[in-house]
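work02.pdb (PDB, C-alpha atoms and all ligand atoms) appears below.
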MODEL        1
ATOM      1  CA  MET A   1      16.833   9.673   6.365  1.00  0.00           C
ATOM      2  CA  ASN A   2      17.882  13.295   5.957  1.00  0.00           C
ATOM      3  CA  ASP A   3      21.543  12.777   6.750  1.00  0.00           C
ATOM      4  CA  ASP A   4      22.897  13.204   3.236  1.00  0.00           C
ATOM      5  CA  ASN A   5      24.129  16.073   1.128  1.00  0.00           C
ATOM      6  CA  ARG A   6      22.321  15.289  -2.072  1.00  0.00           C
ATOM      7  CA  PRO A   7      21.323  18.530  -3.813  1.00  0.00           C
ATOM      8  CA  TRP A   8      17.617  19.162  -4.316  1.00  0.00           C
ATOM      9  CA  PRO A   9      16.475  18.931  -7.908  1.00  0.00           C
ATOM     10  CA  GLN A  10      15.448  21.928 -10.018  1.00  0.00           C
ATOM     11  CA  ALA A  11      17.487  24.319  -7.871  1.00  0.00           C
ATOM     12  CA  GLY A  12      16.525  27.965  -8.316  1.00  0.00           C
ATOM     13  CA  TYR A  13      13.039  27.213  -9.619  1.00  0.00           C
ATOM     14  CA  ASN A  14       9.641  27.414  -8.011  1.00  0.00           C
ATOM     15  CA  ARG A  15       8.398  23.850  -8.354  1.00  0.00           C
ATOM     16  CA  MET A  16       4.662  23.554  -9.023  1.00  0.00           C
ATOM     17  CA  ILE A  17       2.810  20.353  -8.181  1.00  0.00           C
ATOM     18  CA  MET A  18       0.168  18.999 -10.556  1.00  0.00           C
ATOM     19  CA  PRO A  19      -2.043  16.650  -8.511  1.00  0.00           C
ATOM     20  CA  SER A  20      -2.719  13.291 -10.142  1.00  0.00           C
ATOM     21  CA  PRO A  21      -6.180  12.932 -11.688  1.00  0.00           C
ATOM     22  CA  ILE A  22      -7.065   9.939  -9.517  1.00  0.00           C
ATOM     23  CA  ALA A  23      -6.787  12.148  -6.421  1.00  0.00           C
ATOM     24  CA  TRP A  24      -9.285  14.795  -7.523  1.00  0.00           C
ATOM     25  CA  ILE A  25     -11.521  13.467 -10.307  1.00  0.00           C
ATOM     26  CA  GLY A  26     -15.129  13.371  -9.158  1.00  0.00           C
ATOM     27  CA  THR A  27     -14.462  15.242  -5.912  1.00  0.00           C
ATOM     28  CA  GLY A  28     -15.560  18.692  -7.048  1.00  0.00           C
ATOM     29  CA  THR A  29     -11.979  19.902  -7.142  1.00  0.00           C
ATOM     30  CA  PRO A  30     -11.490  21.432 -10.574  1.00  0.00           C
ATOM     31  CA  ASP A  31      -8.919  20.033 -12.992  1.00  0.00           C
ATOM     32  CA  PRO A  32      -5.769  21.944 -11.920  1.00  0.00           C
ATOM     33  CA  GLU A  33      -4.042  21.714 -15.304  1.00  0.00           C
ATOM     34  CA  PRO A  34      -5.672  24.702 -17.083  1.00  0.00           C
ATOM     35  CA  ALA A  35      -4.710  27.005 -14.190  1.00  0.00           C
ATOM     36  CA  LEU A  36      -1.168  25.717 -13.664  1.00  0.00           C
ATOM     37  CA  VAL A  37       0.129  25.310 -17.217  1.00  0.00           C
ATOM     38  CA  PRO A  38      -0.023  29.083 -18.007  1.00  0.00           C
ATOM     39  CA  LEU A  39       2.121  29.776 -14.909  1.00  0.00           C
ATOM     40  CA  MET A  40       5.147  28.066 -16.454  1.00  0.00           C
ATOM     41  CA  ASP A  41       7.896  30.543 -17.136  1.00  0.00           C
ATOM     42  CA  ASP A  42      11.594  31.172 -16.480  1.00  0.00           C
ATOM     43  CA  SER A  43      11.119  30.705 -12.742  1.00  0.00           C
ATOM     44  CA  ASN A  44       8.116  28.346 -12.427  1.00  0.00           C
ATOM     45  CA  VAL A  45       8.404  24.719 -13.485  1.00  0.00           C
ATOM     46  CA  PHE A  46       6.668  21.491 -12.622  1.00  0.00           C
ATOM     47  CA  MET A  47       8.121  19.352  -9.866  1.00  0.00           C
ATOM     48  CA  MET A  48      10.341  16.410 -10.759  1.00  0.00           C
ATOM     49  CA  GLY A  49      12.191  14.421  -8.112  1.00  0.00           C
ATOM     50  CA  ASP A  50      12.479  14.754  -4.344  1.00  0.00           C
ATOM     51  CA  ASN A  51       9.860  16.971  -2.719  1.00  0.00           C
ATOM     52  CA  PRO A  52      11.224  18.764   0.373  1.00  0.00           C
ATOM     53  CA  ALA A  53       7.740  18.567   1.918  1.00  0.00           C
ATOM     54  CA  LEU A  54       8.227  14.807   2.285  1.00  0.00           C
ATOM     55  CA  PRO A  55      10.853  12.862   4.224  1.00  0.00           C
ATOM     56  CA  ARG A  56      13.740  12.200   1.876  1.00  0.00           C
ATOM     57  CA  MET A  57      14.035   8.566   0.888  1.00  0.00           C
ATOM     58  CA  PRO A  58      17.427   6.875   1.072  1.00  0.00           C
ATOM     59  CA  GLU A  59      19.135   6.243  -2.244  1.00  0.00           C
ATOM     60  CA  ARG A  60      18.427   2.522  -1.927  1.00  0.00           C
ATOM     61  CA  PRO A  61      15.064   2.321  -0.190  1.00  0.00           C
ATOM     62  CA  THR A  62      14.015  -0.820   1.628  1.00  0.00           C
ATOM     63  CA  LEU A  63      10.533  -2.041   2.416  1.00  0.00           C
ATOM     64  CA  ILE A  64      10.910  -0.714   5.957  1.00  0.00           C
ATOM     65  CA  ASP A  65      11.854   2.722   4.587  1.00  0.00           C
ATOM     66  CA  PHE A  66       8.462   2.907   2.900  1.00  0.00           C
ATOM     67  CA  PHE A  67       6.794   2.119   6.240  1.00  0.00           C
ATOM     68  CA  LYS A  68       8.849   4.857   7.891  1.00  0.00           C
ATOM     69  CA  TYR A  69       8.854   7.578   5.265  1.00  0.00           C
ATOM     70  CA  ARG A  70       5.860   7.140   2.983  1.00  0.00           C
ATOM     71  CA  PHE A  71       2.939   5.079   4.267  1.00  0.00           C
ATOM     72  CA  ASN A  72       0.333   7.066   6.185  1.00  0.00           C
ATOM     73  CA  PRO A  73       0.101   6.445   9.956  1.00  0.00           C
ATOM     74  CA  ILE A  74      -3.285   4.700   9.814  1.00  0.00           C
ATOM     75  CA  ALA A  75      -2.013   2.200   7.244  1.00  0.00           C
ATOM     76  CA  VAL A  76       1.231   1.662   9.145  1.00  0.00           C
ATOM     77  CA  ASN A  77      -0.541   0.918  12.431  1.00  0.00           C
ATOM     78  CA  HIS A  78      -3.074  -1.303  10.726  1.00  0.00           C
ATOM     79  CA  LEU A  79      -0.493  -3.343   8.827  1.00  0.00           C
ATOM     80  CA  LEU A  80       1.889  -3.720  11.767  1.00  0.00           C
ATOM     81  CA  GLY A  81      -0.976  -4.579  14.119  1.00  0.00           C
ATOM     82  CA  SER A  82      -2.393  -7.230  11.778  1.00  0.00           C
ATOM     83  CA  ALA A  83       1.019  -8.811  11.300  1.00  0.00           C
ATOM     84  CA  LYS A  84       1.759  -8.778  15.019  1.00  0.00           C
ATOM     85  CA  ARG A  85      -1.455 -10.595  15.826  1.00  0.00           C
ATOM     86  CA  ALA A  86      -0.678 -13.222  13.198  1.00  0.00           C
ATOM     87  CA  MET A  87       2.821 -13.606  14.618  1.00  0.00           C
ATOM     88  CA  ASP A  88       1.564 -13.802  18.211  1.00  0.00           C
ATOM     89  CA  ASP A  89      -0.799 -16.585  17.150  1.00  0.00           C
ATOM     90  CA  GLY A  90       2.136 -18.568  15.782  1.00  0.00           C
ATOM     91  CA  HIS A  91       1.436 -18.332  12.054  1.00  0.00           C
ATOM     92  CA  ASN A  92       4.139 -18.928   9.493  1.00  0.00           C
ATOM     93  CA  ASP A  93       6.119 -16.283   7.616  1.00  0.00           C
ATOM     94  CA  LYS A  94       3.781 -16.325   4.599  1.00  0.00           C
ATOM     95  CA  VAL A  95       0.747 -15.458   6.702  1.00  0.00           C
ATOM     96  CA  ILE A  96       2.672 -12.814   8.644  1.00  0.00           C
ATOM     97  CA  MET A  97       3.981 -11.234   5.432  1.00  0.00           C
ATOM     98  CA  ALA A  98       0.534 -11.283   3.817  1.00  0.00           C
ATOM     99  CA  CYS A  99      -0.883  -9.513   6.889  1.00  0.00           C
ATOM    100  CA  LEU A 100       2.018  -7.050   6.927  1.00  0.00           C
ATOM    101  CA  LEU A 101       1.490  -6.125   3.276  1.00  0.00           C
ATOM    102  CA  HIS A 102      -2.203  -6.685   2.641  1.00  0.00           C
ATOM    103  CA  ASP A 103      -3.110  -2.965   2.450  1.00  0.00           C
ATOM    104  CA  VAL A 104       0.268  -1.795   1.140  1.00  0.00           C
ATOM    105  CA  SER A 105      -1.451   0.029  -1.722  1.00  0.00           C
ATOM    106  CA  ASN A 106      -3.443   2.169   0.717  1.00  0.00           C
ATOM    107  CA  GLY A 107      -0.216   3.282   2.369  1.00  0.00           C
ATOM    108  CA  CYS A 108       0.842   5.802  -0.267  1.00  0.00           C
ATOM    109  CA  PHE A 109      -0.527   4.669  -3.623  1.00  0.00           C
ATOM    110  CA  VAL A 110      -4.143   4.000  -4.627  1.00  0.00           C
ATOM    111  CA  ARG A 111      -7.188   2.874  -2.665  1.00  0.00           C
ATOM    112  CA  PRO A 112      -9.512   1.520  -5.383  1.00  0.00           C
ATOM    113  CA  ASP A 113      -8.836  -2.195  -5.929  1.00  0.00           C
ATOM    114  CA  HIS A 114      -6.096  -1.968  -3.329  1.00  0.00           C
ATOM    115  CA  GLY A 115      -5.723  -5.753  -3.021  1.00  0.00           C
ATOM    116  CA  TYR A 116      -5.078  -6.116  -6.736  1.00  0.00           C
ATOM    117  CA  TRP A 117      -2.633  -3.212  -6.876  1.00  0.00           C
ATOM    118  CA  GLY A 118      -0.903  -4.330  -3.697  1.00  0.00           C
ATOM    119  CA  ALA A 119      -0.436  -7.854  -5.013  1.00  0.00           C
ATOM    120  CA  GLN A 120       1.235  -6.524  -8.150  1.00  0.00           C
ATOM    121  CA  MET A 121       3.445  -4.196  -6.139  1.00  0.00           C
ATOM    122  CA  ILE A 122       4.877  -6.999  -4.034  1.00  0.00           C
ATOM    123  CA  ALA A 123       4.745  -9.923  -6.489  1.00  0.00           C
ATOM    124  CA  PRO A 124       8.377  -9.670  -7.666  1.00  0.00           C
ATOM    125  CA  TYR A 125       9.661  -9.720  -4.095  1.00  0.00           C
ATOM    126  CA  VAL A 126       7.585 -12.255  -2.163  1.00  0.00           C
ATOM    127  CA  ASP A 127       6.416 -15.832  -2.377  1.00  0.00           C
ATOM    128  CA  GLU A 128       3.616 -16.271  -4.903  1.00  0.00           C
ATOM    129  CA  GLU A 129       1.258 -17.343  -2.130  1.00  0.00           C
ATOM    130  CA  VAL A 130       1.790 -14.070  -0.253  1.00  0.00           C
ATOM    131  CA  ALA A 131       0.919 -11.946  -3.303  1.00  0.00           C
ATOM    132  CA  TRP A 132      -2.061 -14.208  -3.988  1.00  0.00           C
ATOM    133  CA  ALA A 133      -3.380 -13.726  -0.461  1.00  0.00           C
ATOM    134  CA  VAL A 134      -2.985  -9.948  -0.724  1.00  0.00           C
ATOM    135  CA  LYS A 135      -4.899  -9.933  -4.010  1.00  0.00           C
ATOM    136  CA  TYR A 136      -7.790 -12.069  -2.786  1.00  0.00           C
ATOM    137  CA  HIS A 137      -8.166 -10.680   0.726  1.00  0.00           C
ATOM    138  CA  GLN A 138     -10.011  -7.771  -0.877  1.00  0.00           C
ATOM    139  CA  ALA A 139     -12.819  -9.935  -2.276  1.00  0.00           C
ATOM    140  CA  LEU A 140     -12.875 -12.354   0.669  1.00  0.00           C
ATOM    141  CA  ARG A 141     -13.596  -9.493   3.065  1.00  0.00           C
ATOM    142  CA  TYR A 142     -17.151  -9.490   1.653  1.00  0.00           C
ATOM    143  CA  LEU A 143     -17.690 -13.260   1.876  1.00  0.00           C
ATOM    144  CA  PRO A 144     -18.657 -14.653   5.281  1.00  0.00           C
ATOM    145  CA  ASP A 145     -17.295 -18.058   6.261  1.00  0.00           C
ATOM    146  CA  PRO A 146     -19.048 -19.154   9.467  1.00  0.00           C
ATOM    147  CA  GLU A 147     -17.024 -22.387   9.518  1.00  0.00           C
ATOM    148  CA  VAL A 148     -13.915 -20.429  10.427  1.00  0.00           C
ATOM    149  CA  GLY A 149     -15.785 -17.719  12.328  1.00  0.00           C
ATOM    150  CA  TYR A 150     -15.531 -14.974   9.732  1.00  0.00           C
ATOM    151  CA  GLU A 151     -18.580 -12.711   9.362  1.00  0.00           C
ATOM    152  CA  TYR A 152     -19.271  -9.779   7.051  1.00  0.00           C
ATOM    153  CA  PRO A 153     -17.363  -6.941   8.761  1.00  0.00           C
ATOM    154  CA  GLU A 154     -19.241  -4.474  10.956  1.00  0.00           C
ATOM    155  CA  SER A 155     -16.871  -1.801   9.694  1.00  0.00           C
ATOM    156  CA  TYR A 156     -18.162  -2.338   6.144  1.00  0.00           C
ATOM    157  CA  TYR A 157     -21.696  -1.426   7.231  1.00  0.00           C
ATOM    158  CA  LYS A 158     -20.158   1.779   8.566  1.00  0.00           C
ATOM    159  CA  PHE A 159     -17.946   2.381   5.519  1.00  0.00           C
ATOM    160  CA  PHE A 160     -20.464   1.586   2.788  1.00  0.00           C
ATOM    161  CA  GLY A 161     -23.950   1.597   4.364  1.00  0.00           C
ATOM    162  CA  GLN A 162     -26.334  -1.259   5.164  1.00  0.00           C
ATOM    163  CA  ASN A 163     -27.495  -1.864   1.606  1.00  0.00           C
ATOM    164  CA  TYR A 164     -24.170  -1.907  -0.241  1.00  0.00           C
ATOM    165  CA  GLN A 165     -23.809  -4.785  -2.703  1.00  0.00           C
ATOM    166  CA  PRO A 166     -20.288  -5.499  -3.952  1.00  0.00           C
ATOM    167  CA  PRO A 167     -19.899  -5.657  -7.728  1.00  0.00           C
ATOM    168  CA  ALA A 168     -19.907  -8.916  -9.667  1.00  0.00           C
ATOM    169  CA  TYR A 169     -16.127  -9.143 -10.019  1.00  0.00           C
ATOM    170  CA  ILE A 170     -15.716  -9.126  -6.245  1.00  0.00           C
ATOM    171  CA  MET A 171     -18.140 -11.987  -5.709  1.00  0.00           C
ATOM    172  CA  ARG A 172     -16.624 -13.912  -8.634  1.00  0.00           C
ATOM    173  CA  ASP A 173     -13.113 -13.546  -7.251  1.00  0.00           C
ATOM    174  CA  ALA A 174     -14.254 -14.376  -3.702  1.00  0.00           C
ATOM    175  CA  GLN A 175     -15.857 -17.614  -4.917  1.00  0.00           C
ATOM    176  CA  TYR A 176     -12.728 -18.468  -6.897  1.00  0.00           C
ATOM    177  CA  ALA A 177     -10.544 -17.856  -3.849  1.00  0.00           C
ATOM    178  CA  ARG A 178     -12.878 -19.919  -1.661  1.00  0.00           C
ATOM    179  CA  GLU A 179     -12.016 -23.036  -3.717  1.00  0.00           C
ATOM    180  CA  HIS A 180      -8.289 -22.356  -4.018  1.00  0.00           C
ATOM    181  CA  ARG A 181      -5.616 -24.300  -2.183  1.00  0.00           C
ATOM    182  CA  TRP A 182      -4.269 -21.081  -0.688  1.00  0.00           C
ATOM    183  CA  TYR A 183      -7.705 -20.005   0.546  1.00  0.00           C
ATOM    184  CA  MET A 184      -6.815 -20.093   4.236  1.00  0.00           C
ATOM    185  CA  THR A 185      -3.801 -17.804   3.750  1.00  0.00           C
ATOM    186  CA  ALA A 186      -6.039 -15.093   2.300  1.00  0.00           C
ATOM    187  CA  ARG A 187      -8.793 -15.925   4.786  1.00  0.00           C
ATOM    188  CA  LEU A 188      -6.382 -15.470   7.681  1.00  0.00           C
ATOM    189  CA  VAL A 189      -5.520 -12.019   6.326  1.00  0.00           C
ATOM    190  CA  THR A 190      -9.204 -11.109   6.509  1.00  0.00           C
ATOM    191  CA  MET A 191      -9.442 -12.536  10.021  1.00  0.00           C
ATOM    192  CA  TYR A 192      -6.535 -10.380  11.223  1.00  0.00           C
ATOM    193  CA  ASP A 193      -7.992  -7.425   9.308  1.00  0.00           C
ATOM    194  CA  ILE A 194     -10.911  -6.752  11.627  1.00  0.00           C
ATOM    195  CA  TYR A 195      -9.272  -4.407  14.085  1.00  0.00           C
ATOM    196  CA  PHE A 196      -9.348  -1.280  11.980  1.00  0.00           C
ATOM    197  CA  PHE A 197     -10.789   0.964  14.676  1.00  0.00           C
ATOM    198  CA  GLU A 198      -8.996  -0.619  17.585  1.00  0.00           C
ATOM    199  CA  LYS A 199      -6.155   1.224  19.267  1.00  0.00           C
ATOM    200  CA  ILE A 200      -2.966  -0.789  19.178  1.00  0.00           C
ATOM    201  CA  GLU A 201       0.290  -0.283  20.980  1.00  0.00           C
ATOM    202  CA  PRO A 202       2.690   1.421  18.583  1.00  0.00           C
ATOM    203  CA  ILE A 203       5.100  -1.067  16.986  1.00  0.00           C
ATOM    204  CA  ALA A 204       8.217  -0.183  15.028  1.00  0.00           C
ATOM    205  CA  PRO A 205       8.373  -1.761  11.569  1.00  0.00           C
ATOM    206  CA  GLU A 206      11.786  -3.149  12.568  1.00  0.00           C
ATOM    207  CA  TYR A 207       9.864  -5.562  14.790  1.00  0.00           C
ATOM    208  CA  PHE A 208       9.442  -7.585  11.590  1.00  0.00           C
ATOM    209  CA  SER A 209      13.033  -7.245  10.329  1.00  0.00           C
ATOM    210  CA  ASP A 210      13.747 -10.960  10.615  1.00  0.00           C
ATOM    211  CA  VAL A 211      10.588 -12.078   8.836  1.00  0.00           C
ATOM    212  CA  ILE A 212      11.184  -9.480   6.120  1.00  0.00           C
ATOM    213  CA  ALA A 213      14.805 -10.603   5.712  1.00  0.00           C
ATOM    214  CA  ARG A 214      13.624 -14.197   5.220  1.00  0.00           C
ATOM    215  CA  SER A 215      10.602 -13.437   3.047  1.00  0.00           C
ATOM    216  CA  PHE A 216      11.136 -10.230   1.053  1.00  0.00           C
ATOM    217  CA  ARG A 217      13.723 -10.155  -1.747  1.00  0.00           C
ATOM    218  CA  GLN A 218      15.029  -6.669  -1.202  1.00  0.00           C
ATOM    219  CA  PRO A 219      16.611  -5.485  -4.504  1.00  0.00           C
ATOM    220  CA  PRO A 220      20.182  -4.261  -3.988  1.00  0.00           C
ATOM    221  CA  GLU A 221      19.509  -1.125  -6.083  1.00  0.00           C
ATOM    222  CA  GLY A 222      16.633  -0.223  -3.756  1.00  0.00           C
ATOM    223  CA  LEU A 223      12.883  -0.600  -4.233  1.00  0.00           C
ATOM    224  CA  GLY A 224      11.914   1.705  -7.073  1.00  0.00           C
ATOM    225  CA  HIS A 225      15.368   1.702  -8.651  1.00  0.00           C
ATOM    226  CA  ASP A 226      15.429  -1.944  -9.747  1.00  0.00           C
ATOM    227  CA  ASP A 227      13.864  -3.091 -13.008  1.00  0.00           C
ATOM    228  CA  SER A 228      11.170  -5.436 -11.708  1.00  0.00           C
ATOM    229  CA  PRO A 229       7.657  -5.408 -13.230  1.00  0.00           C
ATOM    230  CA  SER A 230       6.417  -3.264 -10.314  1.00  0.00           C
ATOM    231  CA  SER A 231       9.440  -1.059  -9.685  1.00  0.00           C
ATOM    232  CA  HIS A 232       7.618   1.946 -11.143  1.00  0.00           C
ATOM    233  CA  MET A 233       4.914   1.662  -8.483  1.00  0.00           C
ATOM    234  CA  TRP A 234       7.478   2.023  -5.682  1.00  0.00           C
ATOM    235  CA  ARG A 235       9.164   4.823  -7.629  1.00  0.00           C
ATOM    236  CA  THR A 236       5.825   6.634  -7.839  1.00  0.00           C
ATOM    237  CA  MET A 237       5.685   6.502  -4.038  1.00  0.00           C
ATOM    238  CA  ILE A 238       9.222   7.908  -3.799  1.00  0.00           C
ATOM    239  CA  TRP A 239       8.264  10.774  -6.121  1.00  0.00           C
ATOM    240  CA  PRO A 240       4.463  11.016  -5.888  1.00  0.00           C
ATOM    241  CA  ASN A 241       4.437  14.618  -7.072  1.00  0.00           C
ATOM    242  CA  ASN A 242       6.373  14.154 -10.306  1.00  0.00           C
ATOM    243  CA  PHE A 243       4.743  15.974 -13.229  1.00  0.00           C
ATOM    244  CA  LEU A 244       5.413  13.035 -15.565  1.00  0.00           C
TER
HETATM  245 FE    FE A 301      -7.687  -4.506   2.599  1.00  0.00          FE
HETATM  246 FE    FE A 302      -6.795  -4.168   6.125  1.00  0.00          FE
ENDMDL
END
Final structure tokens representation of the file:
Amino acid sequence: MNDDNRPWPQAGYNRMIMPSPIAWIGTGTPDPEPALVPLMDDSNVFMMGDNPALPRMPERPTLIDFFKYRFNPIAVNHLLGSAKRAMDDGHNDKVIMACLLHDVSNGCFVRPDHGYWGAQMIAPYVDEEVAWAVKYHQALRYLPDPEVGYEYPESYYKFFGQNYQPPAYIMRDAQYAREHRWYMTARLVTMYDIYFFEKIEPIAPEYFSDVIARSFRQPPEGLGHDDSPSSHMWRTMIWPNNFL
């Protein structure tokens, strides 16, 4: 959505980007702060607000805008493909929405504990059962359930190695979810989550406009500009390069 005349922030300055610690800690990339801070002067400042290297978000972003302008292509295809399969199989809106949003945190936010983060991101805007399923799909991915035909994922052997043992909190939360009345909603997410490597026909996020209109409480101010408990997470995706 680049059809507006909003001025770019910090006009006249060179805008330096300080990468967030979670993106580089432990990777061998040195802490960028000691090198960047001394560069501040009359012409060099740290970036705040819209980054011209990214598509510009509308002033009132919708969920679909984040699919179009922020989430990475792998996440977009994976989420849309999972939701389409659930829809094609005739599942209800809650299951479709849980599939559509289950890896929302991986789209443009954080990967570790993505189910937990994703559930918090969407909780103010969706049915409680949808956020619950997003939270618990993460743990249930590790827990086979032969009764419904769910096995430990082949992809996890590839991702983590043959001998990987999930930590105690994952097994605790998987067992808790197994006994919960919403178990099958989260389980269905894991069952539509197995096509990570499979090529899917490209789908536009608008394919789900009707389900989203029925099931996602889009704030009139725009996601990230409302005052919900998770608004700041969406705002961080609008301005991921903000210094503070
Ligand atoms: Fe996931
Ligand atoms: Fe997934």
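Take atom CA of Met171 of chain A and atom CA of Arg187 of chain A: the distance between them is 14.6 Å.
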Counting all atoms listed in the file, which residues of chain A fall within 9 Å of ligand FE 302 (chain A), and what is the closest atom pair for each with its distance in Å at one decimal, ordered by chain and rising number, as a Markdown table?
| residue | atom | partner | partner_atom | distance |
| --- | --- | --- | --- | --- |
| A:Ala75 | CA | A:FE302 | FE | 8.0 |
| A:His78 | CA | A:FE302 | FE | 6.6 |
| A:Leu79 | CA | A:FE302 | FE | 6.9 |
| A:Ser82 | CA | A:FE302 | FE | 7.8 |
| A:Cys99 | CA | A:FE302 | FE | 8.0 |
| A:Leu101 | CA | A:FE302 | FE | 9.0 |
| A:His102 | CA | A:FE302 | FE | 6.3 |
| A:Asp103 | CA | A:FE302 | FE | 5.3 |
| A:Val104 | CA | A:FE302 | FE | 9.0 |
| A:Asn106 | CA | A:FE302 | FE | 9.0 |
| A:His137 | CA | A:FE302 | FE | 8.6 |
| A:Gln138 | CA | A:FE302 | FE | 8.5 |
| A:Val189 | CA | A:FE302 | FE | 8.0 |
| A:Thr190 | CA | A:FE302 | FE | 7.4 |
| A:Tyr192 | CA | A:FE302 | FE | 8.0 |
| A:Asp193 | CA | A:FE302 | FE | 4.7 |
| A:Ile194 | CA | A:FE302 | FE | 7.3 |
| A:Tyr195 | CA | A:FE302 | FE | 8.3 |
| A:Phe196 | CA | A:FE302 | FE | 7.0 |
Worksheet entry | Neighbour list for Met121 of chain A as a PyMOL selection string, cut-off 9 Å, all atoms listed in the file, skip fewer than 5 positions in-chain | chain A and resi 104-105+116+131+229-234
Practice prompt. Convert the output of the PyMOL selection byres (((chain A and resi 139-155) around 12) and not hetatm) on the shown file into explicit residues, formatted as number ranges by chain.
Written response: A: 102, 113-116, 132-138, 156-162, 164-180, 183-198
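On the file presented, the PyMOL selection byres (((chain A and resi 15) around 6) and not hetatm) picks out Tyr13, Asn14, Met16, Val45, Phe46 and Met47 of chain A.
The shell of residues at most 12 Å from Pro73 of chain A, with all atoms listed in the file counted and near chain neighbours (fewer than 5 positions) removed, consists of Phe66, Phe67, Lys68, His78, Leu79, Leu80, Gly81, Asn106, Gly107, Cys108, Pro202, Ile203, Ala204 and Pro205 of chain A.
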Convert the current residue selection to file output with C-alpha atoms, as a PDB file, in the frame of the given file.
ATOM      1  CA  PHE A  66       8.462   2.907   2.900  1.00  0.00           C
ATOM      2  CA  PHE A  67       6.794   2.119   6.240  1.00  0.00           C
ATOM      3  CA  LYS A  68       8.849   4.857   7.891  1.00  0.00           C
ATOM      4  CA  HIS A  78      -3.074  -1.303  10.726  1.00  0.00           C
ATOM      5  CA  LEU A  79      -0.493  -3.343   8.827  1.00  0.00           C
ATOM      6  CA  LEU A  80       1.889  -3.720  11.767  1.00  0.00           C
ATOM      7  CA  GLY A  81      -0.976  -4.579  14.119  1.00  0.00           C
ATOM      8  CA  ASN A 106      -3.443   2.169   0.717  1.00  0.00           C
ATOM      9  CA  GLY A 107      -0.216   3.282   2.369  1.00  0.00           C
ATOM     10  CA  CYS A 108       0.842   5.802  -0.267  1.00  0.00           C
ATOM     11  CA  PRO A 202       2.690   1.421  18.583  1.00  0.00           C
ATOM     12  CA  ILE A 203       5.100  -1.067  16.986  1.00  0.00           C
ATOM     13  CA  ALA A 204       8.217  -0.183  15.028  1.00  0.00           C
ATOM     14  CA  PRO A 205       8.373  -1.761  11.569  1.00  0.00           C
TER      15      PRO A 205
END
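A straight line drawn from atom CA of Pro124 of chain A to atom CA of Ser215 of chain A is 11.6 Å long.
Minimum distance to ligand FE 301 (chain A) across A:Glu129, A:Ile238, A:Val110, A:Arg217 (counting only C-alpha atoms and all ligand atoms) occurs at A:Val110.
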